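Take a look at the structure set out below.
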Amino acid sequence: MAAAATTGSWERLGATTSVTGTSAATDSESISEQVRVQAFLELARQRFEVARTAEDKRRTEGLIDLKFRCGLQWDEVLKLKREQQGRPCLTINRIPGFLKHVTNALRQQRPEIKIDPVGNGADEEIAEIRQGLIRHILLNSHADVPFDTAFEQMTTSGLGWMRVVDAWDGFDKELFVEWVANPFSVYSDPSARRPDWSDAKWRFVVEDYSLEEFNAKYKNKQPVSADSFKSIGDHSASWYINGKVRVAEYFHVEEEDDVLCELPDGSTQLYSEMDPNLLESVVRTRPEKVEKVVWTLMTGVEILKERKWKGKIIPVIPVIGNQIELDGERILVGMVRYAREAQRMFNYAYSCFVEAIALAPKSPFIVEFDQLAEFKDIWASANTDPQAFLPYRMKTDQGLMAPPPQRQQAEPPVQAFVSALKLADENMKACFSIYDAALGQRGPQESGLAINARKIETDVATFDWIDNFTRALRLLGVVLNDLLPHYYSGKGRIVQIIREDLTKKSITLNMMHTNDDGKDVIYDLTKGKFAVLVSTGPTVMTRRQEQSRALLELAKVDPRLMSIAGPQVIKALDFPDKDVIAAQYEKAMPPQLQSKDDGEGPNLQALQQQNMQMQAMIQQMSQLLTEATDKKEFERMKQEYDTFREQMRQETALAVNAMKTGSDEAKFLNQRVFEEMERIRLSLEGFVTSVHTTPVPPPGGGQVPPQGTPGGGVGTAAPTQ
């Protein structure tokens, strides 16, 4: 099971080579190695600065998008000012609700990686094994977690990440797909120009440690302090941040010279990957530049570990939102970017509405000052504290009559606030392209067709986000398909593949063996060229539900379906013990309608042929017995028949045992043959007794009547007296 991944998933990469950097160099290191490491670190630091500078604005905007999704939507200065004035700053966070309409659509209908053979010795069977292995990797990795996380990151801020790592499973290595929890921990080559950035030449995945954490984690290295980074000058700001050491996984692509070899069957292999036994059969060759990925774990001043990655593509996969090129600058946009102002407007309008209705000061009282006299304190708190009564003087000190105190009524502009909120609400729907019908609200469209049509409009308007994810999923499939021959190349290795219906099957790789169909095969993943596709559509569970609904509707229309395919209909449903009920239902069906297990057909056919042969041999033996004329010949033939009968009994018993898990029809057929042979034997024994004990012809002369076999078996005629 894949462990929870962090940006520090390099620990599962199984690095085997450790290279000491310049800060921990020993006297035994050669000068050339020190120069190499120094040049390597300098180039890595320069590349990191290029990525950091190019992505600075995108990261700033992406962080704001992420804050908006988390509900941090007020401008800090404005919020502080309103709080000092005692005014409300309410946040009605509607962004997650809109995002879920898109992200949950992916959970309901997940695209799937498909492998298609395209040449160089590829075939459908190997393609199915590769695809089954990829399903196994994704299932074993709980890949729905990195998929959903990366997709949510992309819809929020325009960019998400997932990655492929390897780890030991016993003495074999397995591949896993893991998440990148923090999308801002990845720095990528900005010169990549393909839509999926698969042509990137380098990429960093970083994680920051305190000095204490770093020194405890890398005890075999020299202790690191703030002074350790002074040697790299201005670069230190990127590698030692607020007292924390930055550790980076640095992937970069290197080109190596190789030779492409063509074999007699037309397939091609690289010289560096060929079996030495095939070198003599090479037809022709040509030089080839091969890209290899190198993985390095480093800080700004030293190399901690490094090794060659077995694939050709950097295994850190971007999930990219909408890309816009503006004056040479690449802008990445998620769903939140254009909805931020509409969300601010909604929050501000709602806060003002609440302030006017609930938190605004009460209307003042109009009174004659002398009426309050000694009651001033009570009236002063009338707008803030509940009062049982408010006393006042009806006469003033001059003896004049005065009316009771009255409030000066002020009506808040409720209608204006409602209009502002409605306008902000419509703006948010327009920014997300998600409207009332998709939100489950009734509108002027009353019919179901009209409502569904409006929902389809929303699905079409937001489909680009799922399509962007399918591009990333295709790149993930390319990475996994490229790695399969390297990680599943052990001779005789048994792996488990997952079929399309999620059933499991064990496969033996890279060794000649007999498969389930009785054929001698060898499954070699190093041969063939395969294309990677992504299919979109309902999941297996959704397809099963649709199938069960369709079968039930069909059974209602034509009840004969249950008598023909009842077990299949029951198996398509989803309830406990359905397989048991289907099996019982099938037993009650006629034998010709009962399903046969894999491999049962040939066995049944063989038993039928065996039955025909036994019938012919029985008939031949009966004829020979009929033609016998003396006791000696009769005894000899009878002994041969008994030997034949015993042989057939044993063969029939073996066949029945072999078919004990097969159909009842096959067992019945063999049992009937055996019973028929037994009846013939009894008939012949009766005939033998009558011949040797009563040699007188029957009354009236003629021939002895033929001895029939019960149940329509083969009859035997007695010899003429």
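Convention: chains lettered A, B, ... in structure tokens order; per-chain residue numbering from 1; ligands numbered from 1 as shown.
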
Practice prompt. Using DSSP on the backbone coordinates, identify the residues of stretch 140-322 of chain A assigned to strand (DSSP E or B); present them as a PyMOL selection string.
Written response: chain A and resi 159-169+172-179+186-188+202-210+240-241+244-262+268-270+284-298+303-309+316-320+322

Discussion item. Here is a test: counting only C-alpha atoms, which residue of A:Glu61, A:Glu42, A:Asp517, A:Glu76 is nearest to A:Leu332?
Written reply: A:Glu61

Discussion item. Report as a PyMOL selection string all protein, DNA and RNA residues lying within 9 Å of A:Met394, evaluated on only C-alpha atoms, omitting residues in the same chain fewer than 3 positions from it.
Written reply: chain A and resi 371+400-404

Based on the selection just made, write N, CA, C and O atoms of those residues as an mmCIF file, in the first residue's frame.
data_model
loop_
_atom_site.group_PDB
_atom_site.id
_atom_site.type_symbol
_atom_site.label_atom_id
_atom_site.label_comp_id
_atom_site.auth_asym_id
_atom_site.auth_seq_id
_atom_site.Cartn_x
_atom_site.Cartn_y
_atom_site.Cartn_z
ATOM 1 N N GLN A 371 -38.740 66.790 30.248
ATOM 2 C CA GLN A 371 -39.551 65.610 30.537
ATOM 3 C C GLN A 371 -38.727 64.476 31.147
ATOM 4 O O GLN A 371 -39.256 63.619 31.830
ATOM 5 N N LEU A 400 -46.366 73.210 31.739
ATOM 6 C CA LEU A 400 -46.959 73.003 30.420
ATOM 7 C C LEU A 400 -47.090 71.521 30.131
ATOM 8 O O LEU A 400 -46.295 70.706 30.568
ATOM 9 N N MET A 401 -48.129 71.174 29.387
ATOM 10 C CA MET A 401 -48.339 69.795 28.975
ATOM 11 C C MET A 401 -47.472 69.500 27.748
ATOM 12 O O MET A 401 -47.388 70.303 26.816
ATOM 13 N N ALA A 402 -46.813 68.297 27.754
ATOM 14 C CA ALA A 402 -45.950 67.898 26.624
ATOM 15 C C ALA A 402 -46.349 66.510 26.165
ATOM 16 O O ALA A 402 -46.692 65.648 26.994
ATOM 17 N N PRO A 403 -46.313 66.253 24.874
ATOM 18 C CA PRO A 403 -46.647 64.896 24.367
ATOM 19 C C PRO A 403 -45.572 63.896 24.764
ATOM 20 O O PRO A 403 -44.445 64.265 25.097
ATOM 21 N N PRO A 404 -45.884 62.602 24.714
ATOM 22 C CA PRO A 404 -44.867 61.567 25.055
ATOM 23 C C PRO A 404 -43.706 61.608 24.065
ATOM 24 O O PRO A 404 -43.858 62.020 22.913
#

Response to the item:
Of A:Leu263, A:Ala461, A:Val245, A:Ala472, the one sitting nearest A:Ile320 when using only C-alpha atoms is A:Ala472

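Counting only C-alpha atoms and comparing A:Arg560, A:Lys422, A:Lys305, A:Arg337, the residue that lies closest to A:Thr60 is A:Arg337.
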
Worksheet entry | Every residue of stretch 125-262 of chain A that DSSP places in alpha helix (DSSP H), as a PyMOL selection string | chain A and resi 125-140+144-157+211-217+236-239

Worksheet entry | Separation of atom CA of A:Val259 from atom CA of A:Ser272, in Å and rounded to one decimal |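 Pair atom CA of A:Val259 / atom CA of A:Ser272 returns 7.6 Å.
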
Worksheet item: Counting only C-alpha atoms, what is within 6 Å of stretch 154-160 of chain A, bar same-chain residues fewer than 3 positions away, as number ranges by chain?
Response: A: 62, 65, 150-151, 183, 318-321, 332-336

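Taking atom CA of A:Leu297 and atom CA of A:Ser188 as endpoints, the distance between them is 15.8 Å.
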
Discussion item. Applying 12 Å and only C-alpha atoms, which residues near A:Val478 remain after dropping the ones on its own chain fewer than 5 positions away? List them as a ChimeraX atom specification.
Written reply: /A:113-116,130-131,134,164,196,198,311-315,317,471-473,483-484,529-534

Discussion item. Applying 8 Å and only C-alpha atoms, which residues near A:Lys527 remain after dropping the ones on its own chain fewer than 2 positions away? List them as a list in words.
Written reply: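 Final neighbour list, sorted by chain and number: Asn120, Gly121, Ala122, Ser267, Asp524, Leu525 and Lys529 of chain A.
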
For those residues, write all heavy atoms to a file as a JSON list (two decimals), in the first residue's frame.
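File again36.json, as written:
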[["chain", "number", "residue", "atom", "x", "y", "z"],
["A", 120, "ASN", "N", 6.23, -2.52, -34.05],
["A", 120, "ASN", "CA", 7.51, -2.98, -33.52],
["A", 120, "ASN", "C", 7.34, -4.26, -32.68],
["A", 120, "ASN", "O", 7.97, -4.43, -31.64],
["A", 120, "ASN", "CB", 8.17, -1.89, -32.67],
["A", 120, "ASN", "CG", 9.68, -2.06, -32.61],
["A", 120, "ASN", "OD1", 10.27, -2.82, -33.37],
["A", 120, "ASN", "ND2", 10.33, -1.34, -31.71],
["A", 121, "GLY", "N", 6.45, -5.14, -33.16],
["A", 121, "GLY", "CA", 6.24, -6.40, -32.45],
["A", 121, "GLY", "C", 5.18, -6.35, -31.37],
["A", 121, "GLY", "O", 5.02, -7.32, -30.63],
["A", 122, "ALA", "N", 4.45, -5.25, -31.27],
["A", 122, "ALA", "CA", 3.41, -5.14, -30.23],
["A", 122, "ALA", "C", 2.18, -5.93, -30.64],
["A", 122, "ALA", "O", 1.87, -6.07, -31.82],
["A", 122, "ALA", "CB", 3.04, -3.67, -30.02],
["A", 267, "SER", "N", 11.75, -5.32, -35.55],
["A", 267, "SER", "CA", 11.72, -4.56, -34.30],
["A", 267, "SER", "C", 13.06, -3.89, -34.06],
["A", 267, "SER", "O", 14.09, -4.28, -34.63],
["A", 267, "SER", "CB", 11.37, -5.48, -33.13],
["A", 267, "SER", "OG", 12.36, -6.48, -32.97],
["A", 524, "ASP", "N", 6.92, -10.57, -22.81],
["A", 524, "ASP", "CA", 8.11, -9.73, -22.69],
["A", 524, "ASP", "C", 7.70, -8.28, -22.88],
["A", 524, "ASP", "O", 7.34, -7.86, -24.00],
["A", 524, "ASP", "CB", 9.14, -10.15, -23.74],
["A", 524, "ASP", "CG", 10.48, -9.42, -23.56],
["A", 524, "ASP", "OD1", 10.56, -8.55, -22.65],
["A", 524, "ASP", "OD2", 11.42, -9.71, -24.30],
["A", 525, "LEU", "N", 7.74, -7.49, -21.81],
["A", 525, "LEU", "CA", 7.31, -6.09, -21.87],
["A", 525, "LEU", "C", 8.31, -5.18, -22.55],
["A", 525, "LEU", "O", 8.01, -4.01, -22.80],
["A", 525, "LEU", "CB", 7.02, -5.57, -20.46],
["A", 525, "LEU", "CG", 5.93, -6.30, -19.67],
["A", 525, "LEU", "CD1", 5.66, -5.60, -18.36],
["A", 525, "LEU", "CD2", 4.64, -6.42, -20.48],
["A", 529, "LYS", "N", 5.92, -1.42, -29.52],
["A", 529, "LYS", "CA", 5.70, 0.01, -29.38],
["A", 529, "LYS", "C", 4.22, 0.23, -29.12],
["A", 529, "LYS", "O", 3.37, -0.31, -29.83],
["A", 529, "LYS", "CB", 6.14, 0.74, -30.65],
["A", 529, "LYS", "CG", 6.04, 2.25, -30.56],
["A", 529, "LYS", "CD", 6.54, 2.90, -31.84],
["A", 529, "LYS", "CE", 6.46, 4.42, -31.76],
["A", 529, "LYS", "NZ", 6.91, 5.06, -33.02]]

Worksheet item: Pick from A:Asn182, A:Val253, A:Asp327, A:Ile466: nearest to A:Gln109, with only C-alpha atoms counted?
Response: A:Ile466

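For A:Leu133, the list of residues within 8 Å, based on only C-alpha atoms and with local chain neighbours fewer than 6 positions off taken out, reads Val495, Gln496, Ile497 and Ile498 of chain A.
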
Quick one: write out the picked residues with N, CA, C and O atoms as a PDB file, in the first residue's frame?
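Here's the written file out21.pdb:
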ATOM      1  N   VAL A 495       3.143 -11.174 -11.613  1.00  0.00           N
ATOM      2  CA  VAL A 495       2.506  -9.903 -11.269  1.00  0.00           C
ATOM      3  C   VAL A 495       0.998 -10.060 -11.368  1.00  0.00           C
ATOM      4  O   VAL A 495       0.491 -10.986 -12.002  1.00  0.00           O
ATOM      5  N   GLN A 496       0.321  -9.165 -10.736  1.00  0.00           N
ATOM      6  CA  GLN A 496      -1.132  -9.179 -10.754  1.00  0.00           C
ATOM      7  C   GLN A 496      -1.630  -8.022 -11.599  1.00  0.00           C
ATOM      8  O   GLN A 496      -1.243  -6.874 -11.396  1.00  0.00           O
ATOM      9  N   ILE A 497      -2.468  -8.323 -12.569  1.00  0.00           N
ATOM     10  CA  ILE A 497      -3.063  -7.285 -13.400  1.00  0.00           C
ATOM     11  C   ILE A 497      -4.547  -7.165 -13.059  1.00  0.00           C
ATOM     12  O   ILE A 497      -5.160  -8.102 -12.540  1.00  0.00           O
ATOM     13  N   ILE A 498      -5.107  -6.000 -13.348  1.00  0.00           N
ATOM     14  CA  ILE A 498      -6.520  -5.730 -13.084  1.00  0.00           C
ATOM     15  C   ILE A 498      -7.224  -5.601 -14.428  1.00  0.00           C
ATOM     16  O   ILE A 498      -6.835  -4.778 -15.259  1.00  0.00           O
TER      17      ILE A 498
END

Worksheet item: So what do you get for atom CA of A:Ile331 versus atom CA of A:Arg58, distance-wise?
Response: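 That distance, rounded to one decimal, is 6.8 Å.
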
Fill in: Among listed residues A:Leu509, A:Glu55, A:Ser489, A:Phe575, nearest A:Ile126 (using only C-alpha atoms)
A:Leu509
